[in-house]
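One structure is given here, and the rest of the page talks about it.
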Amino acid sequence: MPQQPPISFQVRTKNVLIVDGNEAMQKVRARVLRSHGVHVHTAKSVTEAELLWVPDFFDLVLLDVRQRSKEAVEFWRTIRRQHPGQRIRFLVGPPTYLSPTCADEVIARDNVADGVQGLRLLPVA
């Protein structure tokens, strides 16, 4: 009886874009994600992220809205208009926390430090 080859399938690499002006925090997040097999791209600013972001390439965009919140919110809005299915999470605290709702808080208060307190935070797995 001839042997059948093992089942083969292509595992797609996960691509994440981290937009964070705090280089130390960005490195920690990138290291954690890379240790889980994620391909990480980093941007130190929204301007740099705008050059890197391509629809249908990134599985997730991690966006720091604590500094330069107006630029970050505008980048978020641009992505939503151009590619509503793009998953975006907001960096709102230590490297182990993300928020799916921070942009609404930033828009409402225009003060990220105050807006972070009432957010539902999600632990990163």
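We label chains A, B, ... in the order they appear in the structure tokens, count residues from 1 in each chain, and number ligands from 1 in the order shown.
Within 9 Å of region 48-53 of chain A there are Leu17, Ile18, Val19, His41, Thr42, Val61, Phe75 and Ile79 of chain A, counting only C-alpha atoms and ignoring same-chain residues fewer than 6 positions away.
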Alpha helix (DSSP H) positions in region 30-96 of chain A, given as a PDB file with all heavy atoms, in the first residue's frame:
ATOM      1  N   ALA A  30       6.754  44.213  20.868  1.00  0.00           N
ATOM      2  CA  ALA A  30       7.231  43.501  19.678  1.00  0.00           C
ATOM      3  C   ALA A  30       7.889  42.182  20.061  1.00  0.00           C
ATOM      4  O   ALA A  30       7.658  41.155  19.416  1.00  0.00           O
ATOM      5  CB  ALA A  30       8.209  44.377  18.895  1.00  0.00           C
ATOM      6  N   ARG A  31       8.681  42.196  21.118  1.00  0.00           N
ATOM      7  CA  ARG A  31       9.356  40.971  21.555  1.00  0.00           C
ATOM      8  C   ARG A  31       8.342  39.906  21.975  1.00  0.00           C
ATOM      9  O   ARG A  31       8.471  38.734  21.615  1.00  0.00           O
ATOM     10  CB  ARG A  31      10.322  41.279  22.700  1.00  0.00           C
ATOM     11  CG  ARG A  31      11.159  40.081  23.105  1.00  0.00           C
ATOM     12  CD  ARG A  31      12.244  40.391  24.129  1.00  0.00           C
ATOM     13  NE  ARG A  31      11.747  41.124  25.281  1.00  0.00           N
ATOM     14  CZ  ARG A  31      12.145  42.351  25.625  1.00  0.00           C
ATOM     15  NH1 ARG A  31      13.034  42.992  24.901  1.00  0.00           N
ATOM     16  NH2 ARG A  31      11.658  42.942  26.689  1.00  0.00           N
ATOM     17  N   VAL A  32       7.323  40.302  22.717  1.00  0.00           N
ATOM     18  CA  VAL A  32       6.293  39.354  23.152  1.00  0.00           C
ATOM     19  C   VAL A  32       5.570  38.769  21.940  1.00  0.00           C
ATOM     20  O   VAL A  32       5.385  37.548  21.837  1.00  0.00           O
ATOM     21  CB  VAL A  32       5.283  40.024  24.107  1.00  0.00           C
ATOM     22  CG1 VAL A  32       4.072  39.145  24.334  1.00  0.00           C
ATOM     23  CG2 VAL A  32       5.958  40.369  25.430  1.00  0.00           C
ATOM     24  N   LEU A  33       5.174  39.603  21.013  1.00  0.00           N
ATOM     25  CA  LEU A  33       4.467  39.121  19.823  1.00  0.00           C
ATOM     26  C   LEU A  33       5.356  38.225  18.968  1.00  0.00           C
ATOM     27  O   LEU A  33       4.915  37.176  18.486  1.00  0.00           O
ATOM     28  CB  LEU A  33       3.940  40.295  19.001  1.00  0.00           C
ATOM     29  CG  LEU A  33       2.786  41.070  19.640  1.00  0.00           C
ATOM     30  CD1 LEU A  33       2.531  42.364  18.880  1.00  0.00           C
ATOM     31  CD2 LEU A  33       1.532  40.216  19.702  1.00  0.00           C
ATOM     32  N   ARG A  34       6.599  38.620  18.791  1.00  0.00           N
ATOM     33  CA  ARG A  34       7.517  37.801  17.985  1.00  0.00           C
ATOM     34  C   ARG A  34       7.753  36.431  18.624  1.00  0.00           C
ATOM     35  O   ARG A  34       7.917  35.436  17.926  1.00  0.00           O
ATOM     36  CB  ARG A  34       8.836  38.534  17.777  1.00  0.00           C
ATOM     37  CG  ARG A  34       8.715  39.687  16.791  1.00  0.00           C
ATOM     38  CD  ARG A  34      10.027  40.435  16.583  1.00  0.00           C
ATOM     39  NE  ARG A  34       9.829  41.507  15.627  1.00  0.00           N
ATOM     40  CZ  ARG A  34      10.210  42.764  15.824  1.00  0.00           C
ATOM     41  NH1 ARG A  34      10.836  43.121  16.944  1.00  0.00           N
ATOM     42  NH2 ARG A  34       9.974  43.683  14.904  1.00  0.00           N
ATOM     43  N   SER A  35       7.745  36.389  19.945  1.00  0.00           N
ATOM     44  CA  SER A  35       7.936  35.105  20.625  1.00  0.00           C
ATOM     45  C   SER A  35       6.775  34.153  20.370  1.00  0.00           C
ATOM     46  O   SER A  35       6.892  32.947  20.587  1.00  0.00           O
ATOM     47  CB  SER A  35       8.134  35.313  22.131  1.00  0.00           C
ATOM     48  OG  SER A  35       6.916  35.657  22.759  1.00  0.00           O
ATOM     49  N   VAL A  46       2.646  58.362  13.808  1.00  0.00           N
ATOM     50  CA  VAL A  46       1.520  58.152  12.896  1.00  0.00           C
ATOM     51  C   VAL A  46       1.968  58.401  11.460  1.00  0.00           C
ATOM     52  O   VAL A  46       1.595  57.659  10.548  1.00  0.00           O
ATOM     53  CB  VAL A  46       0.325  59.056  13.278  1.00  0.00           C
ATOM     54  CG1 VAL A  46      -0.754  59.030  12.211  1.00  0.00           C
ATOM     55  CG2 VAL A  46      -0.252  58.621  14.624  1.00  0.00           C
ATOM     56  N   THR A  47       2.817  59.383  11.262  1.00  0.00           N
ATOM     57  CA  THR A  47       3.320  59.675   9.916  1.00  0.00           C
ATOM     58  C   THR A  47       4.042  58.470   9.340  1.00  0.00           C
ATOM     59  O   THR A  47       3.831  58.088   8.185  1.00  0.00           O
ATOM     60  CB  THR A  47       4.269  60.893   9.951  1.00  0.00           C
ATOM     61  OG1 THR A  47       3.569  62.002  10.500  1.00  0.00           O
ATOM     62  CG2 THR A  47       4.784  61.240   8.575  1.00  0.00           C
ATOM     63  N   GLU A  48       4.884  57.835  10.132  1.00  0.00           N
ATOM     64  CA  GLU A  48       5.586  56.639   9.694  1.00  0.00           C
ATOM     65  C   GLU A  48       4.601  55.486   9.461  1.00  0.00           C
ATOM     66  O   GLU A  48       4.725  54.732   8.498  1.00  0.00           O
ATOM     67  CB  GLU A  48       6.624  56.252  10.747  1.00  0.00           C
ATOM     68  CG  GLU A  48       7.573  55.165  10.322  1.00  0.00           C
ATOM     69  CD  GLU A  48       8.633  54.884  11.380  1.00  0.00           C
ATOM     70  OE1 GLU A  48       8.964  55.775  12.183  1.00  0.00           O
ATOM     71  OE2 GLU A  48       9.130  53.743  11.389  1.00  0.00           O
ATOM     72  N   ALA A  49       3.614  55.357  10.334  1.00  0.00           N
ATOM     73  CA  ALA A  49       2.610  54.291  10.198  1.00  0.00           C
ATOM     74  C   ALA A  49       1.793  54.452   8.922  1.00  0.00           C
ATOM     75  O   ALA A  49       1.448  53.458   8.272  1.00  0.00           O
ATOM     76  CB  ALA A  49       1.687  54.290  11.411  1.00  0.00           C
ATOM     77  N   GLU A  50       1.488  55.682   8.556  1.00  0.00           N
ATOM     78  CA  GLU A  50       0.729  55.923   7.323  1.00  0.00           C
ATOM     79  C   GLU A  50       1.485  55.416   6.102  1.00  0.00           C
ATOM     80  O   GLU A  50       0.874  54.969   5.130  1.00  0.00           O
ATOM     81  CB  GLU A  50       0.414  57.415   7.179  1.00  0.00           C
ATOM     82  CG  GLU A  50      -0.606  57.901   8.179  1.00  0.00           C
ATOM     83  CD  GLU A  50      -0.784  59.411   8.183  1.00  0.00           C
ATOM     84  OE1 GLU A  50       0.169  60.142   7.826  1.00  0.00           O
ATOM     85  OE2 GLU A  50      -1.871  59.850   8.567  1.00  0.00           O
ATOM     86  N   LEU A  51       2.813  55.462   6.152  1.00  0.00           N
ATOM     87  CA  LEU A  51       3.620  54.957   5.044  1.00  0.00           C
ATOM     88  C   LEU A  51       3.665  53.426   5.026  1.00  0.00           C
ATOM     89  O   LEU A  51       3.800  52.822   3.968  1.00  0.00           O
ATOM     90  CB  LEU A  51       5.039  55.513   5.136  1.00  0.00           C
ATOM     91  CG  LEU A  51       5.185  57.023   4.991  1.00  0.00           C
ATOM     92  CD1 LEU A  51       6.619  57.449   5.274  1.00  0.00           C
ATOM     93  CD2 LEU A  51       4.749  57.483   3.620  1.00  0.00           C
ATOM     94  N   LEU A  52       3.559  52.811   6.197  1.00  0.00           N
ATOM     95  CA  LEU A  52       3.656  51.352   6.303  1.00  0.00           C
ATOM     96  C   LEU A  52       2.322  50.634   6.105  1.00  0.00           C
ATOM     97  O   LEU A  52       2.293  49.518   5.602  1.00  0.00           O
ATOM     98  CB  LEU A  52       4.219  50.963   7.678  1.00  0.00           C
ATOM     99  CG  LEU A  52       5.658  51.335   7.963  1.00  0.00           C
ATOM    100  CD1 LEU A  52       6.002  51.033   9.422  1.00  0.00           C
ATOM    101  CD2 LEU A  52       6.590  50.578   7.039  1.00  0.00           C
ATOM    102  N   SER A  69      -2.697  62.497  20.259  1.00  0.00           N
ATOM    103  CA  SER A  69      -3.981  61.806  20.105  1.00  0.00           C
ATOM    104  C   SER A  69      -4.755  62.236  18.862  1.00  0.00           C
ATOM    105  O   SER A  69      -5.417  61.413  18.245  1.00  0.00           O
ATOM    106  CB  SER A  69      -4.840  61.985  21.352  1.00  0.00           C
ATOM    107  OG  SER A  69      -5.128  63.348  21.569  1.00  0.00           O
ATOM    108  N   LYS A  70      -4.666  63.508  18.484  1.00  0.00           N
ATOM    109  CA  LYS A  70      -5.418  63.959  17.305  1.00  0.00           C
ATOM    110  C   LYS A  70      -4.934  63.262  16.040  1.00  0.00           C
ATOM    111  O   LYS A  70      -5.744  62.827  15.218  1.00  0.00           O
ATOM    112  CB  LYS A  70      -5.323  65.480  17.161  1.00  0.00           C
ATOM    113  CG  LYS A  70      -6.107  66.198  18.237  1.00  0.00           C
ATOM    114  CD  LYS A  70      -6.021  67.695  18.089  1.00  0.00           C
ATOM    115  CE  LYS A  70      -6.768  68.342  19.237  1.00  0.00           C
ATOM    116  NZ  LYS A  70      -6.737  69.787  19.178  1.00  0.00           N
ATOM    117  N   GLU A  71      -3.616  63.135  15.870  1.00  0.00           N
ATOM    118  CA  GLU A  71      -3.078  62.439  14.696  1.00  0.00           C
ATOM    119  C   GLU A  71      -3.465  60.962  14.722  1.00  0.00           C
ATOM    120  O   GLU A  71      -3.819  60.386  13.700  1.00  0.00           O
ATOM    121  CB  GLU A  71      -1.548  62.578  14.628  1.00  0.00           C
ATOM    122  CG  GLU A  71      -1.064  63.956  14.303  1.00  0.00           C
ATOM    123  CD  GLU A  71      -0.800  64.784  15.567  1.00  0.00           C
ATOM    124  OE1 GLU A  71      -1.180  64.361  16.679  1.00  0.00           O
ATOM    125  OE2 GLU A  71      -0.212  65.873  15.424  1.00  0.00           O
ATOM    126  N   ALA A  72      -3.385  60.338  15.904  1.00  0.00           N
ATOM    127  CA  ALA A  72      -3.725  58.919  16.033  1.00  0.00           C
ATOM    128  C   ALA A  72      -5.196  58.678  15.712  1.00  0.00           C
ATOM    129  O   ALA A  72      -5.542  57.724  15.010  1.00  0.00           O
ATOM    130  CB  ALA A  72      -3.392  58.423  17.439  1.00  0.00           C
ATOM    131  N   VAL A  73      -6.071  59.534  16.209  1.00  0.00           N
ATOM    132  CA  VAL A  73      -7.507  59.378  15.942  1.00  0.00           C
ATOM    133  C   VAL A  73      -7.790  59.585  14.458  1.00  0.00           C
ATOM    134  O   VAL A  73      -8.590  58.858  13.864  1.00  0.00           O
ATOM    135  CB  VAL A  73      -8.342  60.332  16.825  1.00  0.00           C
ATOM    136  CG1 VAL A  73      -9.801  60.356  16.381  1.00  0.00           C
ATOM    137  CG2 VAL A  73      -8.240  59.913  18.286  1.00  0.00           C
ATOM    138  N   GLU A  74      -7.125  60.529  13.832  1.00  0.00           N
ATOM    139  CA  GLU A  74      -7.330  60.742  12.397  1.00  0.00           C
ATOM    140  C   GLU A  74      -6.837  59.539  11.591  1.00  0.00           C
ATOM    141  O   GLU A  74      -7.473  59.124  10.621  1.00  0.00           O
ATOM    142  CB  GLU A  74      -6.629  62.021  11.925  1.00  0.00           C
ATOM    143  CG  GLU A  74      -6.960  62.395  10.500  1.00  0.00           C
ATOM    144  CD  GLU A  74      -8.449  62.504  10.208  1.00  0.00           C
ATOM    145  OE1 GLU A  74      -9.209  63.041  11.047  1.00  0.00           O
ATOM    146  OE2 GLU A  74      -8.881  62.030   9.122  1.00  0.00           O
ATOM    147  N   PHE A  75      -5.717  58.950  11.995  1.00  0.00           N
ATOM    148  CA  PHE A  75      -5.211  57.741  11.345  1.00  0.00           C
ATOM    149  C   PHE A  75      -6.231  56.611  11.508  1.00  0.00           C
ATOM    150  O   PHE A  75      -6.533  55.891  10.557  1.00  0.00           O
ATOM    151  CB  PHE A  75      -3.864  57.365  11.947  1.00  0.00           C
ATOM    152  CG  PHE A  75      -3.230  56.130  11.356  1.00  0.00           C
ATOM    153  CD1 PHE A  75      -3.024  56.006   9.995  1.00  0.00           C
ATOM    154  CD2 PHE A  75      -2.815  55.098  12.178  1.00  0.00           C
ATOM    155  CE1 PHE A  75      -2.427  54.873   9.450  1.00  0.00           C
ATOM    156  CE2 PHE A  75      -2.215  53.962  11.653  1.00  0.00           C
ATOM    157  CZ  PHE A  75      -2.024  53.851  10.289  1.00  0.00           C
ATOM    158  N   TRP A  76      -6.770  56.454  12.700  1.00  0.00           N
ATOM    159  CA  TRP A  76      -7.803  55.446  12.976  1.00  0.00           C
ATOM    160  C   TRP A  76      -9.016  55.665  12.059  1.00  0.00           C
ATOM    161  O   TRP A  76      -9.520  54.723  11.458  1.00  0.00           O
ATOM    162  CB  TRP A  76      -8.201  55.531  14.449  1.00  0.00           C
ATOM    163  CG  TRP A  76      -9.383  54.700  14.834  1.00  0.00           C
ATOM    164  CD1 TRP A  76      -9.405  53.347  15.015  1.00  0.00           C
ATOM    165  CD2 TRP A  76     -10.694  55.168  15.094  1.00  0.00           C
ATOM    166  NE1 TRP A  76     -10.669  52.950  15.378  1.00  0.00           N
ATOM    167  CE2 TRP A  76     -11.477  54.051  15.433  1.00  0.00           C
ATOM    168  CE3 TRP A  76     -11.298  56.427  15.081  1.00  0.00           C
ATOM    169  CZ2 TRP A  76     -12.824  54.154  15.756  1.00  0.00           C
ATOM    170  CZ3 TRP A  76     -12.638  56.529  15.409  1.00  0.00           C
ATOM    171  CH2 TRP A  76     -13.385  55.406  15.738  1.00  0.00           C
ATOM    172  N   ARG A  77      -9.461  56.896  11.944  1.00  0.00           N
ATOM    173  CA  ARG A  77     -10.613  57.206  11.079  1.00  0.00           C
ATOM    174  C   ARG A  77     -10.308  56.899   9.610  1.00  0.00           C
ATOM    175  O   ARG A  77     -11.153  56.380   8.885  1.00  0.00           O
ATOM    176  CB  ARG A  77     -11.006  58.673  11.223  1.00  0.00           C
ATOM    177  CG  ARG A  77     -11.707  58.980  12.514  1.00  0.00           C
ATOM    178  CD  ARG A  77     -12.057  60.446  12.589  1.00  0.00           C
ATOM    179  NE  ARG A  77     -12.819  60.716  13.782  1.00  0.00           N
ATOM    180  CZ  ARG A  77     -12.859  61.883  14.385  1.00  0.00           C
ATOM    181  NH1 ARG A  77     -12.174  62.909  13.903  1.00  0.00           N
ATOM    182  NH2 ARG A  77     -13.589  62.047  15.471  1.00  0.00           N
ATOM    183  N   THR A  78      -9.099  57.222   9.170  1.00  0.00           N
ATOM    184  CA  THR A  78      -8.704  56.940   7.786  1.00  0.00           C
ATOM    185  C   THR A  78      -8.749  55.443   7.504  1.00  0.00           C
ATOM    186  O   THR A  78      -9.289  55.012   6.481  1.00  0.00           O
ATOM    187  CB  THR A  78      -7.284  57.486   7.506  1.00  0.00           C
ATOM    188  OG1 THR A  78      -7.291  58.896   7.707  1.00  0.00           O
ATOM    189  CG2 THR A  78      -6.823  57.152   6.104  1.00  0.00           C
ATOM    190  N   ILE A  79      -8.197  54.672   8.420  1.00  0.00           N
ATOM    191  CA  ILE A  79      -8.226  53.214   8.243  1.00  0.00           C
ATOM    192  C   ILE A  79      -9.668  52.716   8.207  1.00  0.00           C
ATOM    193  O   ILE A  79     -10.028  51.894   7.358  1.00  0.00           O
ATOM    194  CB  ILE A  79      -7.437  52.511   9.365  1.00  0.00           C
ATOM    195  CG1 ILE A  79      -5.950  52.777   9.211  1.00  0.00           C
ATOM    196  CG2 ILE A  79      -7.713  51.003   9.359  1.00  0.00           C
ATOM    197  CD1 ILE A  79      -5.107  52.241  10.355  1.00  0.00           C
ATOM    198  N   ARG A  80     -10.505  53.209   9.100  1.00  0.00           N
ATOM    199  CA  ARG A  80     -11.913  52.784   9.150  1.00  0.00           C
ATOM    200  C   ARG A  80     -12.637  53.098   7.837  1.00  0.00           C
ATOM    201  O   ARG A  80     -13.457  52.319   7.379  1.00  0.00           O
ATOM    202  CB  ARG A  80     -12.648  53.447  10.318  1.00  0.00           C
ATOM    203  CG  ARG A  80     -12.349  52.815  11.626  1.00  0.00           C
ATOM    204  CD  ARG A  80     -13.039  51.459  11.679  1.00  0.00           C
ATOM    205  NE  ARG A  80     -12.614  50.729  12.838  1.00  0.00           N
ATOM    206  CZ  ARG A  80     -12.059  49.533  12.804  1.00  0.00           C
ATOM    207  NH1 ARG A  80     -11.845  48.933  11.669  1.00  0.00           N
ATOM    208  NH2 ARG A  80     -11.713  48.930  13.898  1.00  0.00           N
ATOM    209  N   ARG A  81     -12.348  54.247   7.260  1.00  0.00           N
ATOM    210  CA  ARG A  81     -12.978  54.618   5.981  1.00  0.00           C
ATOM    211  C   ARG A  81     -12.489  53.724   4.845  1.00  0.00           C
ATOM    212  O   ARG A  81     -13.265  53.247   4.027  1.00  0.00           O
ATOM    213  CB  ARG A  81     -12.688  56.080   5.635  1.00  0.00           C
ATOM    214  CG  ARG A  81     -13.569  57.088   6.321  1.00  0.00           C
ATOM    215  CD  ARG A  81     -13.391  58.488   5.730  1.00  0.00           C
ATOM    216  NE  ARG A  81     -12.017  58.958   5.690  1.00  0.00           N
ATOM    217  CZ  ARG A  81     -11.409  59.624   6.673  1.00  0.00           C
ATOM    218  NH1 ARG A  81     -12.053  59.886   7.777  1.00  0.00           N
ATOM    219  NH2 ARG A  81     -10.160  60.028   6.543  1.00  0.00           N
ATOM    220  N   GLN A  82     -11.181  53.516   4.778  1.00  0.00           N
ATOM    221  CA  GLN A  82     -10.590  52.782   3.662  1.00  0.00           C
ATOM    222  C   GLN A  82     -10.739  51.278   3.778  1.00  0.00           C
ATOM    223  O   GLN A  82     -10.817  50.580   2.765  1.00  0.00           O
ATOM    224  CB  GLN A  82      -9.100  53.127   3.540  1.00  0.00           C
ATOM    225  CG  GLN A  82      -8.845  54.547   3.113  1.00  0.00           C
ATOM    226  CD  GLN A  82      -7.362  54.849   3.011  1.00  0.00           C
ATOM    227  OE1 GLN A  82      -6.508  53.980   3.140  1.00  0.00           O
ATOM    228  NE2 GLN A  82      -7.044  56.117   2.789  1.00  0.00           N
TER     229      GLN A  82
END
Quiz item: Do you have the CA of Arg87 (chain A)-CA of Arg66 (chain A) distance handy?
Solution: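 Going from CA of Arg87 (chain A) over to CA of Arg66 (chain A) covers 18.8 Å.
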Quiz item: Can you tell me, as a list in words, what residues are no more than 8 Å from Ile88 (chain A) when counting only C-alpha atoms, ignoring any on the same chain fewer than 2 positions away?
Solution: Leu60, Val61, Leu62, Leu63, Trp76, Gln86, Phe90 and Pro100 of chain A
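Residues of region 52-91 of chain A assigned to strand (DSSP E) by DSSP on this structure's backbone: Leu60, Val61, Leu62, Leu63, Asp64, Ile88, Arg89, Phe90 and Leu91 of chain A.
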Exercise. Name the residues in contact with region 55-57 of chain A at a cut-off of 7 Å, using only C-alpha atoms, excluding same-chain residues fewer than 2 positions from it; report them as a list in words.
Key: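 Close residues of region 55-57 of chain A: Asn15, Trp53, Asp59 and His83 of chain A.
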Quiz item: To one decimal place, how far is CA of Asp64 (chain A) from CA of Leu91 (chain A) in Å?
Solution: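 Distance between the two atoms: 4.6 Å.
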Quiz item: At what distance in Å, to one decimal, does CA of Met25 (chain A) lie from CA of Gly85 (chain A)?
Solution: 26.5 Å
Exercise. Kindly indicate which residue among A:Asn22, A:Val16, A:Val65, A:Pro84 lies nearest to Gly37 (chain A), using only C-alpha atoms for the distances.
Key: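 Once distances to Gly37 (chain A) are computed over only C-alpha atoms, the minimum belongs to A:Val16.
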